[in-house]
>>> print(open('coords.pdb').read())   # PDB, C-alpha atoms
ATOM      1  CA  MET A  17      -7.703  -5.309 -19.237
ATOM      2  CA  GLN A  18      -7.733  -9.035 -18.482
ATOM      3  CA  ASN A  19      -4.117  -8.884 -17.266
ATOM      4  CA  LEU A  20      -5.077  -6.101 -14.866
ATOM      5  CA  GLU A  21      -7.910  -8.193 -13.461
ATOM      6  CA  ASP A  22      -5.571 -11.168 -13.073
ATOM      7  CA  ASP A  23      -3.037  -8.990 -11.220
ATOM      8  CA  ARG A  24      -5.725  -7.775  -8.846
ATOM      9  CA  ARG A  25      -6.823 -11.327  -8.054
ATOM     10  CA  ARG A  26      -3.239 -12.518  -7.459
ATOM     11  CA  ALA A  27      -2.239  -9.592  -5.238
ATOM     12  CA  GLU A  28      -2.529 -10.617  -1.609
ATOM     13  CA  ARG A  29      -4.486  -8.167   0.534
ATOM     14  CA  PHE A  30      -3.474  -7.465   4.125
ATOM     15  CA  PRO A  31      -5.698  -5.925   6.818
ATOM     16  CA  LEU A  32      -3.939  -2.808   8.145
ATOM     17  CA  SER A  33      -5.464  -0.152  10.385
ATOM     18  CA  ILE A  34      -3.629   3.092   9.665
ATOM     19  CA  ASP A  35      -4.809   6.703   9.708
ATOM     20  CA  LEU A  36      -4.771   8.395   6.311
ATOM     21  CA  LYS A  37      -5.705  11.488   4.370
ATOM     22  CA  PHE A  38      -6.954  11.510   0.798
ATOM     23  CA  LEU A  39      -7.762  13.931  -1.994
ATOM     24  CA  LEU A  40     -10.753  13.378  -4.297
ATOM     25  CA  GLN A  41     -10.877  14.860  -7.795
ATOM     26  CA  GLY A  42      -7.881  17.031  -6.930
ATOM     27  CA  ARG A  43      -9.843  19.326  -4.622
ATOM     28  CA  HIS A  44     -11.804  17.549  -1.858
ATOM     29  CA  GLU A  45      -9.630  16.730   1.158
ATOM     30  CA  ALA A  46     -10.784  14.124   3.677
ATOM     31  CA  THR A  47      -9.547  11.754   6.364
ATOM     32  CA  GLY A  48     -10.153   8.087   7.038
ATOM     33  CA  MET A  49      -8.635   4.791   8.049
ATOM     34  CA  LEU A  50      -6.972   2.151   5.914
ATOM     35  CA  LEU A  51      -8.902  -1.124   5.959
ATOM     36  CA  ASP A  52      -6.722  -3.327   3.786
ATOM     37  CA  ILE A  53      -4.038  -2.962   1.111
ATOM     38  CA  SER A  54      -2.186  -4.847  -1.605
ATOM     39  CA  GLU A  55       0.316  -3.730  -4.207
ATOM     40  CA  THR A  56      -2.563  -3.043  -6.622
ATOM     41  CA  GLY A  57      -5.128  -1.307  -4.459
ATOM     42  CA  LEU A  58      -6.644  -0.623  -1.066
ATOM     43  CA  ALA A  59      -9.894  -0.175   0.809
ATOM     44  CA  LEU A  60     -10.470   2.613   3.293
ATOM     45  CA  LEU A  61     -13.150   3.664   5.729
ATOM     46  CA  SER A  62     -14.411   7.239   5.645
ATOM     47  CA  GLU A  63     -17.569   9.254   6.100
ATOM     48  CA  THR A  64     -16.728  11.090   2.852
ATOM     49  CA  GLN A  65     -18.577   9.699  -0.154
ATOM     50  CA  ALA A  66     -16.988   9.015  -3.540
ATOM     51  CA  GLU A  67     -18.204   7.776  -6.893
ATOM     52  CA  GLU A  68     -16.787   5.068  -9.128
ATOM     53  CA  GLY A  69     -14.271   6.595 -11.517
ATOM     54  CA  ASP A  70     -13.257   9.483  -9.237
ATOM     55  CA  ASP A  71      -9.559  10.316  -9.177
ATOM     56  CA  ILE A  72      -8.102   9.815  -5.716
ATOM     57  CA  VAL A  73      -4.744  10.306  -4.035
ATOM     58  CA  VAL A  74      -4.328   8.510  -0.700
ATOM     59  CA  TYR A  75      -1.679   9.267   1.926
ATOM     60  CA  PRO A  76      -1.528   6.409   4.460
ATOM     61  CA  ILE A  77       0.947   7.037   7.280
ATOM     62  CA  GLY A  78       4.257   5.427   6.315
ATOM     63  CA  LEU A  79       3.365   4.660   2.701
ATOM     64  CA  GLY A  80       3.590   8.056   1.056
ATOM     65  CA  ARG A  81       1.495   9.138  -1.921
ATOM     66  CA  LEU A  82      -0.697   6.510  -3.629
ATOM     67  CA  ALA A  83      -2.658   7.698  -6.669
ATOM     68  CA  GLY A  84      -5.481   5.780  -8.298
ATOM     69  CA  LYS A  85      -9.166   5.553  -9.162
ATOM     70  CA  VAL A  86     -12.216   4.767  -7.076
ATOM     71  CA  VAL A  87     -13.434   1.374  -8.307
ATOM     72  CA  ARG A  88     -16.046   0.716  -5.644
ATOM     73  CA  ALA A  89     -18.006   2.703  -3.093
ATOM     74  CA  PHE A  90     -19.414   0.627  -0.242
ATOM     75  CA  ASP A  91     -21.314   1.629   2.871
ATOM     76  CA  GLY A  92     -18.834   3.638   4.944
ATOM     77  CA  GLY A  93     -15.878   3.240   2.639
ATOM     78  CA  ILE A  94     -14.093   3.341  -0.702
ATOM     79  CA  GLY A  95     -12.246   0.776  -2.823
ATOM     80  CA  VAL A  96      -9.248   2.112  -4.755
ATOM     81  CA  GLN A  97      -7.228   0.687  -7.650
ATOM     82  CA  PHE A  98      -3.737   2.146  -7.920
ATOM     83  CA  ALA A  99      -2.400   3.834 -11.045
ATOM     84  CA  LEU A 100       1.261   3.236 -10.239
ATOM     85  CA  ALA A 101       4.371   2.482 -12.237
ATOM     86  CA  LYS A 102       6.047  -0.913 -11.772
ATOM     87  CA  GLY A 103       8.772   0.616  -9.617
ATOM     88  CA  GLN A 104       6.213   2.182  -7.283
ATOM     89  CA  ARG A 105       4.391  -1.132  -6.920
ATOM     90  CA  GLU A 106       7.646  -2.805  -5.996
ATOM     91  CA  ILE A 107       8.183  -0.207  -3.251
ATOM     92  CA  ILE A 108       4.735  -0.966  -1.814
ATOM     93  CA  ARG A 109       5.504  -4.700  -1.976
ATOM     94  CA  GLU A 110       8.778  -4.170  -0.117
ATOM     95  CA  ARG A 111       7.149  -2.067   2.587
ATOM     96  CA  LEU A 112       4.363  -4.577   3.122
ATOM     97  CA  ALA A 113       6.937  -7.357   3.366
ATOM     98  CA  ALA A 114       8.880  -5.276   5.893
ATOM     99  CA  VAL A 115       5.793  -4.800   8.060
ATOM    100  CA  LEU A 116       4.880  -8.475   8.005
ATOM    101  CA  GLY A 117       8.487  -9.362   8.815
ATOM    102  CA  GLY A 118       8.444  -7.181  11.906
ATOM    103  CA  VAL A 119      10.217  -4.078  10.592
ATOM    104  CA  PRO A 120       8.297  -1.012  11.835
ATOM    105  CA  TYR A 121       7.570   0.695   8.487
ATOM    106  CA  MET A 122       3.968   1.227   9.624
ATOM    107  CA  ARG A 123       1.884   0.583  12.701
ATOM    108  CA  LEU A 124       0.678  -2.979  12.311
ATOM    109  CA  SER A 125      -1.312  -4.406  15.200
ATOM    110  CA  GLU A 126      -0.483  -7.907  16.413
ATOM    111  CA  LYS A 127      -3.160 -10.138  17.829
ATOM    112  CA  ARG A 128      -3.442  -9.704  21.613
ATOM    113  CA  THR A 129       0.326  -9.236  22.161
ATOM    114  CA  SER A 130       0.177  -5.723  20.681
ATOM    115  CA  PHE A 131      -2.047  -2.679  20.851
ATOM    116  CA  ARG A 132      -5.301  -2.467  18.963
ATOM    117  CA  ILE A 133      -5.950   0.864  17.283
ATOM    118  CA  ARG A 134      -9.115   2.424  18.658
ATOM    119  CA  TYR A 135     -11.676   4.051  16.382
ATOM    120  CA  ASN A 136     -15.306   5.030  16.462
ATOM    121  CA  ILE A 137     -16.451   4.518  12.868
ATOM    122  CA  ASP A 138     -20.044   3.721  11.905
ATOM    123  CA  THR A 139     -20.496   1.135   9.156
ATOM    124  CA  HIS A 140     -22.592  -1.917   8.249
ATOM    125  CA  ALA A 141     -21.754  -5.630   8.463
ATOM    126  CA  ARG A 142     -23.285  -8.188   6.134
ATOM    127  CA  ILE A 143     -23.998 -11.579   7.707
ATOM    128  CA  GLU A 144     -24.000 -14.603   5.406
ATOM    129  CA  GLY A 145     -27.505 -15.949   4.948
ATOM    130  CA  GLN A 146     -29.196 -12.715   6.023
ATOM    131  CA  ASP A 147     -30.757 -10.216   3.623
ATOM    132  CA  LYS A 148     -30.331  -7.169   5.838
ATOM    133  CA  THR A 149     -27.053  -5.667   7.016
ATOM    134  CA  ILE A 150     -26.306  -4.908  10.662
ATOM    135  CA  ALA A 151     -25.601  -1.301  11.608
ATOM    136  CA  CYS A 152     -22.506  -1.307  13.783
ATOM    137  CA  THR A 153     -19.583   0.776  14.995
ATOM    138  CA  ILE A 154     -15.938  -0.286  14.716
ATOM    139  CA  LYS A 155     -14.518   0.251  18.201
ATOM    140  CA  ASP A 156     -11.023  -1.045  17.531
ATOM    141  CA  MET A 157      -9.136  -3.019  14.898
ATOM    142  CA  SER A 158      -5.949  -5.019  14.597
ATOM    143  CA  LYS A 159      -4.222  -7.036  11.905
ATOM    144  CA  THR A 160      -6.356 -10.073  12.703
ATOM    145  CA  GLY A 161      -9.756  -8.792  13.718
ATOM    146  CA  CYS A 162     -11.979  -6.065  15.101
ATOM    147  CA  LEU A 163     -14.467  -5.295  17.836
ATOM    148  CA  LEU A 164     -17.897  -4.119  16.723
ATOM    149  CA  LYS A 165     -20.610  -2.418  18.743
ATOM    150  CA  ALA A 166     -24.017  -3.503  17.442
ATOM    151  CA  ASP A 167     -27.634  -3.857  18.579
ATOM    152  CA  SER A 168     -27.773  -7.474  17.377
ATOM    153  CA  GLN A 169     -25.296 -10.327  17.770
ATOM    154  CA  PRO A 170     -24.814 -12.853  14.955
ATOM    155  CA  PRO A 171     -24.243 -16.465  16.059
ATOM    156  CA  ILE A 172     -20.696 -17.542  16.964
ATOM    157  CA  GLY A 173     -19.049 -18.800  13.770
ATOM    158  CA  ALA A 174     -21.272 -16.751  11.434
ATOM    159  CA  GLU A 175     -19.510 -15.465   8.324
ATOM    160  CA  VAL A 176     -19.279 -11.662   8.189
ATOM    161  CA  THR A 177     -18.356  -9.222   5.420
ATOM    162  CA  LEU A 178     -17.121  -5.801   6.519
ATOM    163  CA  GLY A 179     -16.237  -3.633   3.534
ATOM    164  CA  THR A 180     -13.724  -5.740   1.598
ATOM    165  CA  LEU A 181     -12.796  -7.899   4.584
ATOM    166  CA  ARG A 182     -14.315 -11.256   5.419
ATOM    167  CA  GLY A 183     -14.207 -13.086   8.696
ATOM    168  CA  ARG A 184     -16.264 -14.868  11.320
ATOM    169  CA  VAL A 185     -17.830 -14.082  14.665
ATOM    170  CA  VAL A 186     -15.589 -15.463  17.422
ATOM    171  CA  ARG A 187     -17.268 -14.141  20.575
ATOM    172  CA  HIS A 188     -20.023 -11.941  21.903
ATOM    173  CA  ILE A 189     -19.417  -8.883  24.062
ATOM    174  CA  GLU A 190     -21.800  -6.547  25.802
ATOM    175  CA  ASN A 191     -23.633  -4.632  23.050
ATOM    176  CA  GLY A 192     -21.685  -6.208  20.206
ATOM    177  CA  PHE A 193     -19.396  -8.934  18.936
ATOM    178  CA  ALA A 194     -15.806  -9.677  17.958
ATOM    179  CA  MET A 195     -14.863 -10.605  14.394
ATOM    180  CA  GLU A 196     -11.740 -12.491  13.326
ATOM    181  CA  PHE A 197     -10.560 -11.823   9.765
ATOM    182  CA  HIS A 198      -9.917 -14.567   7.235
ATOM    183  CA  SER A 199      -6.258 -14.248   6.206
ATOM    184  CA  ALA A 200      -5.736 -13.809   2.476
ATOM    185  CA  ALA A 201      -2.687 -16.076   2.804
ATOM    186  CA  ALA A 202      -4.707 -18.765   4.556
ATOM    187  CA  GLN A 203      -7.448 -18.630   1.920
ATOM    188  CA  ALA A 204      -4.851 -19.098  -0.800
ATOM    189  CA  GLY A 205      -3.289 -22.041   1.033
ATOM    190  CA  ALA A 206      -0.039 -20.135   1.609
ATOM    191  CA  PRO A 207       1.787 -20.155   4.968
ATOM    192  CA  LEU A 208       1.027 -17.233   7.233
ATOM    193  CA  PRO A 209       3.839 -14.788   8.120
ATOM    194  CA  PRO A 210       5.581 -15.649  11.416
ATOM    195  CA  ARG A 211       4.011 -14.006  14.423
ATOM    196  CA  GLN A 212       6.105 -11.279  15.993
ATOM    197  CA  HIS A 213       6.442 -11.407  19.765
ATOM    198  CA  THR A 214       6.595  -8.281  21.853
ATOM    199  CA  ALA A 215       8.855  -7.928  24.842
TER
END
>>> encode(input="coords.pdb", output="structure tokens")
Amino acid sequence: MQNLEDDRRRAERFPLSIDLKFLLQGRHEATGMLLDISETGLALLSETQAEEGDDIVVYPIGLGRLAGKVVRAFDGGIGVQFALAKGQREIIRERLAAVLGGVPYMRLSEKRTSFRIRYNIDTHARIEGQDKTIACTIKDMSKTGCLLKADSQPPIGAEVTLGTLRGRVVRHIENGFAMEFHSAAAQAGAPLPPRQHTA
């Protein structure tokens, strides 16, 4: 069990906004959006509720069938731990590497130079130092950040937790704010993948 926990901590998580379908307990079909993914698990946003321990099969566009267990249910989403063989994990690792290297395995948004995927998903953001969460709506999301519609605006630079993603407020917009994600690679002190330039 300890080795599994160590693997989960070492696995780098990447923010990816991809449409998906999933199956709960082998019978409840639902849709959602991928929030982030590693070779050991993922987080997704969905209005469908799940409970810890539920069997789940997720089908993100471009990644095929990913089976696992619900390990966490947060407001507006689900955390999943994969139950995959070593060979299947290696395939996920290769596909993630391909995306970050610029190979179009999946739609991966690039900051400003590429499209941001538009959504209209209600969720809650937790602001560091505040007891209450902020009700907000994800308007669009990219690899590096998202735009949130909200009644209140945290200060510029405030630390924000959105599901399993952490980041900071970088600007205010009318009726909301923009959040920039903290890169898992940057937090670990590793170099970030090279930025891909569009024509």
>>> residues_around(input="coords.pdb", residues="Thr180 (chain A)", least_positions_apart="6", cutoff="10 Å", atoms="all atoms listed in the file", output="count of residues only")
12
>>> resolve_selection(input="coords.pdb", expression="the PyMOL selection byres ((chain A and resi 85) around 10)", output="list in words")
Leu40, Gln41, Gly57, Glu67, Glu68, Gly69, Asp70, Asp71, Ile72, Val73, Ala83, Gly84, Val86, Val87, Arg88, Gly95, Val96, Gln97, Phe98 and Ala99 of chain A
>>> axis_aligned_box(input="coords.pdb", around="region 149-166 of chain A", padding_each_side="3 Å", output="JSON")
{"center_x": -15.6, "center_y": -4.6, "center_z": 12.9, "size_x": 28.8, "size_y": 16.8, "size_z": 17.7}
>>> residues_around(input="coords.pdb", residues="Asp91 (chain A)", least_positions_apart="5", cutoff="8 Å", atoms="all atoms listed in the file", output="list in words")
Thr139, His140 and Gly179 of chain A
>>> atom_distance(input="coords.pdb", atom1="CA of Thr177 (chain A)", atom2="CA of Glu106 (chain A)")
29.1 Å
>>> residues_around(input="coords.pdb", residues="Pro76 (chain A)", least_positions_apart="2", cutoff="7 Å", atoms="all atoms listed in the file", output="list in words")
Ile34, Asp35, Leu36, Lys37, Val74, Gly78, Leu79 and Gly80 of chain A
>>> closest_residue(input="coords.pdb", among="A:Glu110, A:Glu63, A:Glu45, A:Asp156", to="Ser33 (chain A)", atoms="all atoms listed in the file")
A:Asp156
>>> atom_distance(input="coords.pdb", atom1="CA of Gln65 (chain A)", atom2="CA of Leu178 (chain A)")
16.9 Å
>>> resolve_selection(input="coords.pdb", expression="the PyMOL selection byres ((chain A and resi 182-199) around 8)", output="PyMOL selection string")
chain A and resi 30+160-178+180-181+200-203+208
>>> residues_near_point(input="coords.pdb", point="(-24.8, 2.8, 12.6)", cutoff="6 Å", atoms="all atoms listed in the file", output="PyMOL selection string")
chain A and resi 138-139+151-152
>>> atom_distance(input="coords.pdb", atom1="CA of Met157 (chain A)", atom2="CA of Leu61 (chain A)")
12.0 Å
